[in-house]
$ cat data06.cif   # mmCIF, C-alpha atoms
data_protein
loop_
_atom_site.group_PDB
_atom_site.id
_atom_site.type_symbol
_atom_site.label_atom_id
_atom_site.label_comp_id
_atom_site.auth_asym_id
_atom_site.auth_seq_id
_atom_site.Cartn_x
_atom_site.Cartn_y
_atom_site.Cartn_z
ATOM 1 C CA PRO A 7 88.325 93.847 128.800
ATOM 2 C CA GLU A 8 85.033 92.027 128.384
ATOM 3 C CA GLY A 9 83.374 92.906 125.112
ATOM 4 C CA ASP A 10 86.597 93.849 123.292
ATOM 5 C CA ALA A 11 86.058 91.528 120.351
ATOM 6 C CA ALA A 12 88.826 91.376 117.764
ATOM 7 C CA ARG A 13 89.999 89.326 114.824
ATOM 8 C CA VAL A 14 93.605 89.105 113.640
ATOM 9 C CA ILE A 15 95.258 88.182 110.344
ATOM 10 C CA GLY A 16 98.964 87.403 110.579
ATOM 11 C CA ILE A 17 100.742 86.704 107.289
ATOM 12 C CA GLY A 18 104.030 84.961 107.826
ATOM 13 C CA GLY A 19 106.432 83.265 105.484
ATOM 14 C CA GLY A 20 105.096 79.738 105.804
ATOM 15 C CA SER A 21 101.539 80.264 106.933
ATOM 16 C CA THR A 22 98.691 82.702 107.462
ATOM 17 C CA GLY A 23 97.323 82.757 110.995
ATOM 18 C CA LEU A 24 93.798 83.821 111.902
ATOM 19 C CA ILE A 25 92.562 84.470 115.427
ATOM 20 C CA ALA A 26 89.308 85.696 116.948
ATOM 21 C CA GLY A 27 88.986 86.724 120.565
ATOM 22 C CA ASP A 28 86.837 88.588 123.015
ATOM 23 C CA GLY A 29 87.576 89.998 126.435
ATOM 24 C CA GLY A 30 91.200 88.877 126.344
ATOM 25 C CA LYS A 31 90.268 85.264 125.596
ATOM 26 C CA ILE A 32 90.850 83.465 122.316
ATOM 27 C CA GLN A 33 87.574 82.229 120.837
ATOM 28 C CA PHE A 34 89.088 80.597 117.772
ATOM 29 C CA ALA A 35 92.514 80.258 116.162
ATOM 30 C CA GLY A 36 93.673 78.518 113.022
ATOM 31 C CA SER A 37 96.382 78.536 110.413
ATOM 32 C CA ILE A 38 96.365 78.222 106.632
ATOM 33 C CA PRO A 39 99.580 76.505 105.492
ATOM 34 C CA VAL A 40 100.577 79.164 102.965
ATOM 35 C CA GLY A 41 102.327 82.450 103.670
ATOM 36 C CA ALA A 42 104.335 84.820 101.492
ATOM 37 C CA VAL A 43 107.420 82.601 101.148
ATOM 38 C CA ARG A 44 105.483 79.383 100.612
ATOM 39 C CA GLY A 45 103.336 81.234 98.053
ATOM 40 C CA LYS A 46 106.492 82.168 96.139
ATOM 41 C CA GLU A 47 107.759 78.595 96.308
ATOM 42 C CA THR A 48 104.456 77.265 94.954
ATOM 43 C CA TYR A 49 103.179 79.773 92.379
ATOM 44 C CA PRO A 50 104.995 81.508 89.499
ATOM 45 C CA GLN A 51 105.706 85.234 89.861
ATOM 46 C CA SER A 52 103.224 86.243 87.185
ATOM 47 C CA LYS A 53 99.636 87.386 86.865
ATOM 48 C CA VAL A 54 98.610 83.749 86.338
ATOM 49 C CA GLY A 55 100.477 82.647 89.479
ATOM 50 C CA PHE A 56 99.034 85.453 91.608
ATOM 51 C CA ASP A 57 95.533 84.688 90.293
ATOM 52 C CA GLN A 58 95.980 81.005 91.206
ATOM 53 C CA LEU A 59 97.074 81.918 94.732
ATOM 54 C CA TYR A 60 94.145 84.315 95.166
ATOM 55 C CA LYS A 61 91.613 81.776 93.863
ATOM 56 C CA ALA A 62 92.971 79.094 96.196
ATOM 57 C CA PHE A 63 92.095 81.327 99.174
ATOM 58 C CA VAL A 64 88.664 82.396 97.920
ATOM 59 C CA LYS A 65 87.492 79.109 96.443
ATOM 60 C CA THR A 66 83.875 79.255 95.401
ATOM 61 C CA GLU A 67 81.184 76.903 96.672
ATOM 62 C CA GLY A 68 81.188 73.547 94.916
ATOM 63 C CA GLU A 69 84.758 73.882 93.633
ATOM 64 C CA SER A 70 87.062 71.005 94.525
ATOM 65 C CA TRP A 71 90.775 70.489 94.182
ATOM 66 C CA GLU A 72 92.434 67.317 92.972
ATOM 67 C CA GLY A 73 95.037 65.154 94.677
ATOM 68 C CA ASN A 74 97.629 66.704 96.931
ATOM 69 C CA SER A 75 97.732 70.071 95.132
ATOM 70 C CA PRO A 76 98.730 73.247 97.001
ATOM 71 C CA GLU A 77 95.158 74.432 96.532
ATOM 72 C CA ARG A 78 93.838 71.401 98.404
ATOM 73 C CA LYS A 79 96.026 72.322 101.392
ATOM 74 C CA ILE A 80 94.763 75.897 101.282
ATOM 75 C CA ALA A 81 91.172 74.669 100.906
ATOM 76 C CA LYS A 82 91.301 73.448 104.512
ATOM 77 C CA GLY A 83 91.702 77.092 105.424
ATOM 78 C CA HIS A 84 88.313 77.995 103.985
ATOM 79 C CA LYS A 85 86.659 76.646 107.129
ATOM 80 C CA ILE A 86 89.000 78.791 109.210
ATOM 81 C CA LEU A 87 88.173 81.899 107.167
ATOM 82 C CA GLN A 88 84.448 81.188 107.480
ATOM 83 C CA LYS A 89 84.722 80.802 111.273
ATOM 84 C CA ILE A 90 86.623 84.082 111.531
ATOM 85 C CA LYS A 91 84.068 85.765 109.251
ATOM 86 C CA LYS A 92 81.274 84.759 111.648
ATOM 87 C CA GLN A 93 83.097 86.289 114.620
ATOM 88 C CA ARG A 94 82.593 89.927 115.451
ATOM 89 C CA GLY A 95 85.141 92.566 116.259
ATOM 90 C CA VAL A 96 87.692 94.857 114.706
ATOM 91 C CA LEU A 97 89.978 93.209 112.164
ATOM 92 C CA TYR A 98 93.703 93.700 112.856
ATOM 93 C CA GLY A 99 96.656 92.845 110.633
ATOM 94 C CA VAL A 100 100.143 91.905 111.819
ATOM 95 C CA GLY A 101 103.350 90.865 110.135
ATOM 96 C CA GLY A 102 105.888 92.286 107.727
ATOM 97 C CA THR A 103 103.696 92.028 104.643
ATOM 98 C CA ILE A 104 100.914 94.092 106.153
ATOM 99 C CA THR A 105 103.128 96.742 107.761
ATOM 100 C CA THR A 106 105.182 97.090 104.567
ATOM 101 C CA LEU A 107 102.091 97.448 102.362
ATOM 102 C CA CYS A 108 100.761 100.067 104.779
ATOM 103 C CA ALA A 109 104.022 102.030 104.664
ATOM 104 C CA MET A 110 104.004 101.863 100.860
ATOM 105 C CA SER A 111 100.416 103.091 100.849
ATOM 106 C CA ASP A 112 101.637 106.147 102.730
ATOM 107 C CA GLY A 113 104.260 106.749 100.057
ATOM 108 C CA VAL A 114 107.198 105.454 102.087
ATOM 109 C CA SER A 115 109.886 103.891 99.921
ATOM 110 C CA ARG A 116 113.009 104.355 101.993
ATOM 111 C CA ILE A 117 112.952 103.987 105.764
ATOM 112 C CA TYR A 118 110.305 102.109 107.716
ATOM 113 C CA ASP A 119 108.985 103.864 110.829
ATOM 114 C CA PRO A 120 106.730 101.651 112.990
ATOM 115 C CA ARG A 121 105.047 104.729 114.485
ATOM 116 C CA SER A 122 103.682 105.694 111.079
ATOM 117 C CA VAL A 123 101.783 102.439 110.578
ATOM 118 C CA HIS A 124 100.871 101.204 114.058
ATOM 119 C CA GLY A 125 97.172 101.756 114.693
ATOM 120 C CA ARG A 126 96.488 103.060 111.186
ATOM 121 C CA THR A 127 93.445 101.796 109.309
ATOM 122 C CA MET A 128 94.322 100.476 105.863
ATOM 123 C CA THR A 129 91.539 99.974 103.337
ATOM 124 C CA ARG A 130 91.146 97.272 100.742
ATOM 125 C CA SER A 131 91.385 100.019 98.081
ATOM 126 C CA GLU A 132 94.781 101.093 99.422
ATOM 127 C CA VAL A 133 96.067 97.527 99.232
ATOM 128 C CA THR A 134 94.783 97.300 95.645
ATOM 129 C CA LEU A 135 96.629 100.499 94.686
ATOM 130 C CA VAL A 136 99.915 99.320 96.209
ATOM 131 C CA LEU A 137 99.661 95.968 94.418
ATOM 132 C CA ARG A 138 98.996 97.774 91.125
ATOM 133 C CA GLU A 139 102.036 99.958 91.771
ATOM 134 C CA LEU A 140 104.161 96.856 92.374
ATOM 135 C CA ASP A 141 102.778 95.188 89.248
ATOM 136 C CA GLY A 142 103.900 98.236 87.242
ATOM 137 C CA MET A 143 107.464 97.991 88.491
ATOM 138 C CA THR A 144 110.252 95.884 87.055
ATOM 139 C CA PRO A 145 111.963 93.380 89.359
ATOM 140 C CA GLU A 146 115.020 95.686 89.354
ATOM 141 C CA GLU A 147 112.937 98.682 90.497
ATOM 142 C CA VAL A 148 111.403 96.618 93.291
ATOM 143 C CA LYS A 149 114.870 95.440 94.399
ATOM 144 C CA ARG A 150 116.111 99.038 94.561
ATOM 145 C CA MET A 151 113.418 100.102 97.059
ATOM 146 C CA PRO A 152 115.120 100.194 100.475
ATOM 147 C CA LEU A 153 111.783 99.550 102.198
ATOM 148 C CA LEU A 154 111.473 96.187 100.430
ATOM 149 C CA GLN A 155 114.989 94.879 101.019
ATOM 150 C CA GLY A 156 114.748 91.278 102.146
ATOM 151 C CA ARG A 157 111.081 91.203 101.147
ATOM 152 C CA GLU A 158 111.253 92.268 97.502
ATOM 153 C CA ASP A 159 110.578 88.804 96.095
ATOM 154 C CA ILE A 160 107.687 87.907 98.412
ATOM 155 C CA ILE A 161 105.761 91.163 98.959
ATOM 156 C CA ARG A 162 103.381 90.559 96.056
ATOM 157 C CA TYR A 163 102.557 87.072 97.340
ATOM 158 C CA GLY A 164 101.804 88.430 100.796
ATOM 159 C CA GLY A 165 99.688 91.195 99.253
ATOM 160 C CA VAL A 166 97.651 88.676 97.262
ATOM 161 C CA ILE A 167 97.078 86.632 100.426
ATOM 162 C CA LEU A 168 95.964 89.771 102.270
ATOM 163 C CA MET A 169 93.520 90.693 99.478
ATOM 164 C CA ALA A 170 92.150 87.164 99.409
ATOM 165 C CA CYS A 171 91.637 87.155 103.191
ATOM 166 C CA LEU A 172 89.940 90.562 103.133
ATOM 167 C CA ASP A 173 87.631 89.382 100.352
ATOM 168 C CA ALA A 174 86.894 86.034 101.999
ATOM 169 C CA LEU A 175 86.030 87.861 105.236
ATOM 170 C CA GLY A 176 84.001 90.532 103.457
ATOM 171 C CA ALA A 177 86.222 93.189 105.082
ATOM 172 C CA GLU A 178 86.830 96.623 103.579
ATOM 173 C CA CYS A 179 89.654 97.529 105.967
ATOM 174 C CA LEU A 180 91.849 96.442 108.842
ATOM 175 C CA VAL A 181 93.813 98.133 111.589
ATOM 176 C CA VAL A 182 97.556 97.663 111.153
ATOM 177 C CA SER A 183 99.633 96.653 114.151
ATOM 178 C CA ASP A 184 103.400 96.853 114.166
ATOM 179 C CA ARG A 185 103.387 94.570 117.150
ATOM 180 C CA GLY A 186 103.361 90.859 116.498
ATOM 181 C CA ASN A 187 102.246 87.613 118.040
ATOM 182 C CA LEU A 188 105.123 87.396 120.515
ATOM 183 C CA GLU A 189 104.332 90.815 121.982
ATOM 184 C CA GLY A 190 100.662 89.864 122.197
ATOM 185 C CA TYR A 191 101.521 86.640 123.964
ATOM 186 C CA LEU A 192 103.805 88.427 126.454
ATOM 187 C CA ALA A 193 101.115 91.026 127.186
ATOM 188 C CA TYR A 194 98.580 88.223 127.686
ATOM 189 C CA ARG A 195 100.910 86.361 130.089
ATOM 190 C CA ALA A 196 101.737 89.549 131.999
ATOM 191 C CA GLY A 197 98.094 90.629 132.290
#
$ encode --input "data06.cif" --output "structure tokens"
Amino acid sequence: PEGDAARVIGIGGGSTGLIAGDGGKIQFAGSIPVGAVRGKETYPQSKVGFDQLYKAFVKTEGESWEGNSPERKIAKGHKILQKIKKQRGVLYGVGGTITTLCAMSDGVSRIYDPRSVHGRTMTRSEVTLVLRELDGMTPEEVKRMPLLQGREDIIRYGGVILMACLDALGAECLVVSDRGNLEGYLAYRAG
């Protein structure tokens, strides 16, 4: 409906999509060419690597990146983040990283239930706590968590990207959606 402004963050494997819309119409959409998998391929799995990834997303004014570095590619996304920041509306999060972090925030470690995360508001503080929990775990402990199977090696990268986006947008929370872009597109086409 008219006046239903919303913004969406979608963290995928290869990119991070950002969309702003109002009244069922897209006002702005863009993509930053780094997602959880590409983050893992580019940055070491260490505090230094995670800090580099975070800083690439929240580059400060006047900072520039040299050559064809991964940071330079991400830097193009700063304009996208700034456009989304200027838009109004509820901030939603979609994708496996966000739903998994939300489930972990609720203490789930075994079986994912979409009903437990869909529509739930997740705060920046909750994301911070989950990332700290992951940082305190050994790679073997992370691998043993059934909830993280197939995602155990990229969840931290996706979490860092989420934190960076929240900070760049000045957002303290987002509403988690278990439904993804394809379902949104189908609903749009059907409506």
$ closest_atom_pairs --input "data06.cif" --of "segment 31-68 of chain A" --to "segment 135-141 of chain A" --cutoff "12 Å" --atoms "all atoms listed in the file" --output "tab-separated table"
residue	atom	partner	partner_atom	distance
A:Gln51	CA	A:Asp141	CA	10.4
A:Ser52	CA	A:Asp141	CA	9.2
A:Lys53	CA	A:Asp141	CA	8.7
A:Phe56	CA	A:Asp141	CA	10.7
$ resolve_selection --input "data06.cif" --expression "the PyMOL selection byres ((chain A and resi 60-63) around 8)" --output "list of chain:residue names"
A:Phe56, A:Asp57, A:Gln58, A:Leu59, A:Val64, A:Lys65, A:Glu77, A:Ile80, A:Ala81, A:Gly83, A:His84, A:Val166, A:Ile167, A:Met169, A:Ala170, A:Cys171, A:Ala174
$ resolve_selection --input "data06.cif" --expression "the PyMOL selection byres ((chain A and resi 12) around 7)" --output "PyMOL selection string"
chain A and resi 10-11+13-14+26-28+94-97
$ atom_distance --input "data06.cif" --atom1 "atom CA of Ser21 of chain A" --atom2 "atom CA of Tyr98 of chain A"
16.6 Å
$ atom_distance --input "data06.cif" --atom1 "atom CA of Lys92 of chain A" --atom2 "atom CA of Ile38 of chain A"
17.2 Å
$ resolve_selection --input "data06.cif" --expression "the PyMOL selection byres ((chain A and resi 150-163) around 6)" --output "PyMOL selection string"
chain A and resi 42-43+45+115-117+147-149+164-166
$ residues_around --input "data06.cif" --residues "Gly23 of chain A" --least-positions-apart "4" --cutoff "7 Å" --atoms "only C-alpha atoms" --output "compact mmCIF listing (two decimals) with C-alpha atoms, keeping the file's coordinate frame"
# COMPACT_ATOMS: atom_id res chain seq x y z
CA ILE A 15 95.26 88.18 110.34
CA GLY A 16 98.96 87.40 110.58
CA ILE A 17 100.74 86.70 107.29
CA GLY A 36 93.67 78.52 113.02
CA SER A 37 96.38 78.54 110.41
CA ILE A 38 96.36 78.22 106.63
$ atom_distance --input "data06.cif" --atom1 "atom CA of Pro50 of chain A" --atom2 "atom CA of Cys179 of chain A"
27.6 Å
$ closest_residue --input "data06.cif" --among "A:Gly142, A:Thr106, A:Thr48, A:Gln93" --to "His124 of chain A" --atoms "only C-alpha atoms"
A:Thr106
$ axis_aligned_box --input "data06.cif" --around "segment 51-67 of chain A" --padding-each-side "6 Å" --output "lines of an AutoDock Vina configuration file"
center_x = 93.4
center_y = 82.1
center_z = 92.8
size_x = 36.5
size_y = 22.5
size_z = 24.8
$ closest_residue --input "data06.cif" --among "A:Glu132, A:Lys85, A:Gly19, A:Leu168" --to "Gly113 of chain A" --atoms "only C-alpha atoms"
A:Glu132
$ closest_residue --input "data06.cif" --among "A:Asp184, A:Glu146, A:Asp173, A:Glu178" --to "Arg126 of chain A" --atoms "only C-alpha atoms"
A:Asp184
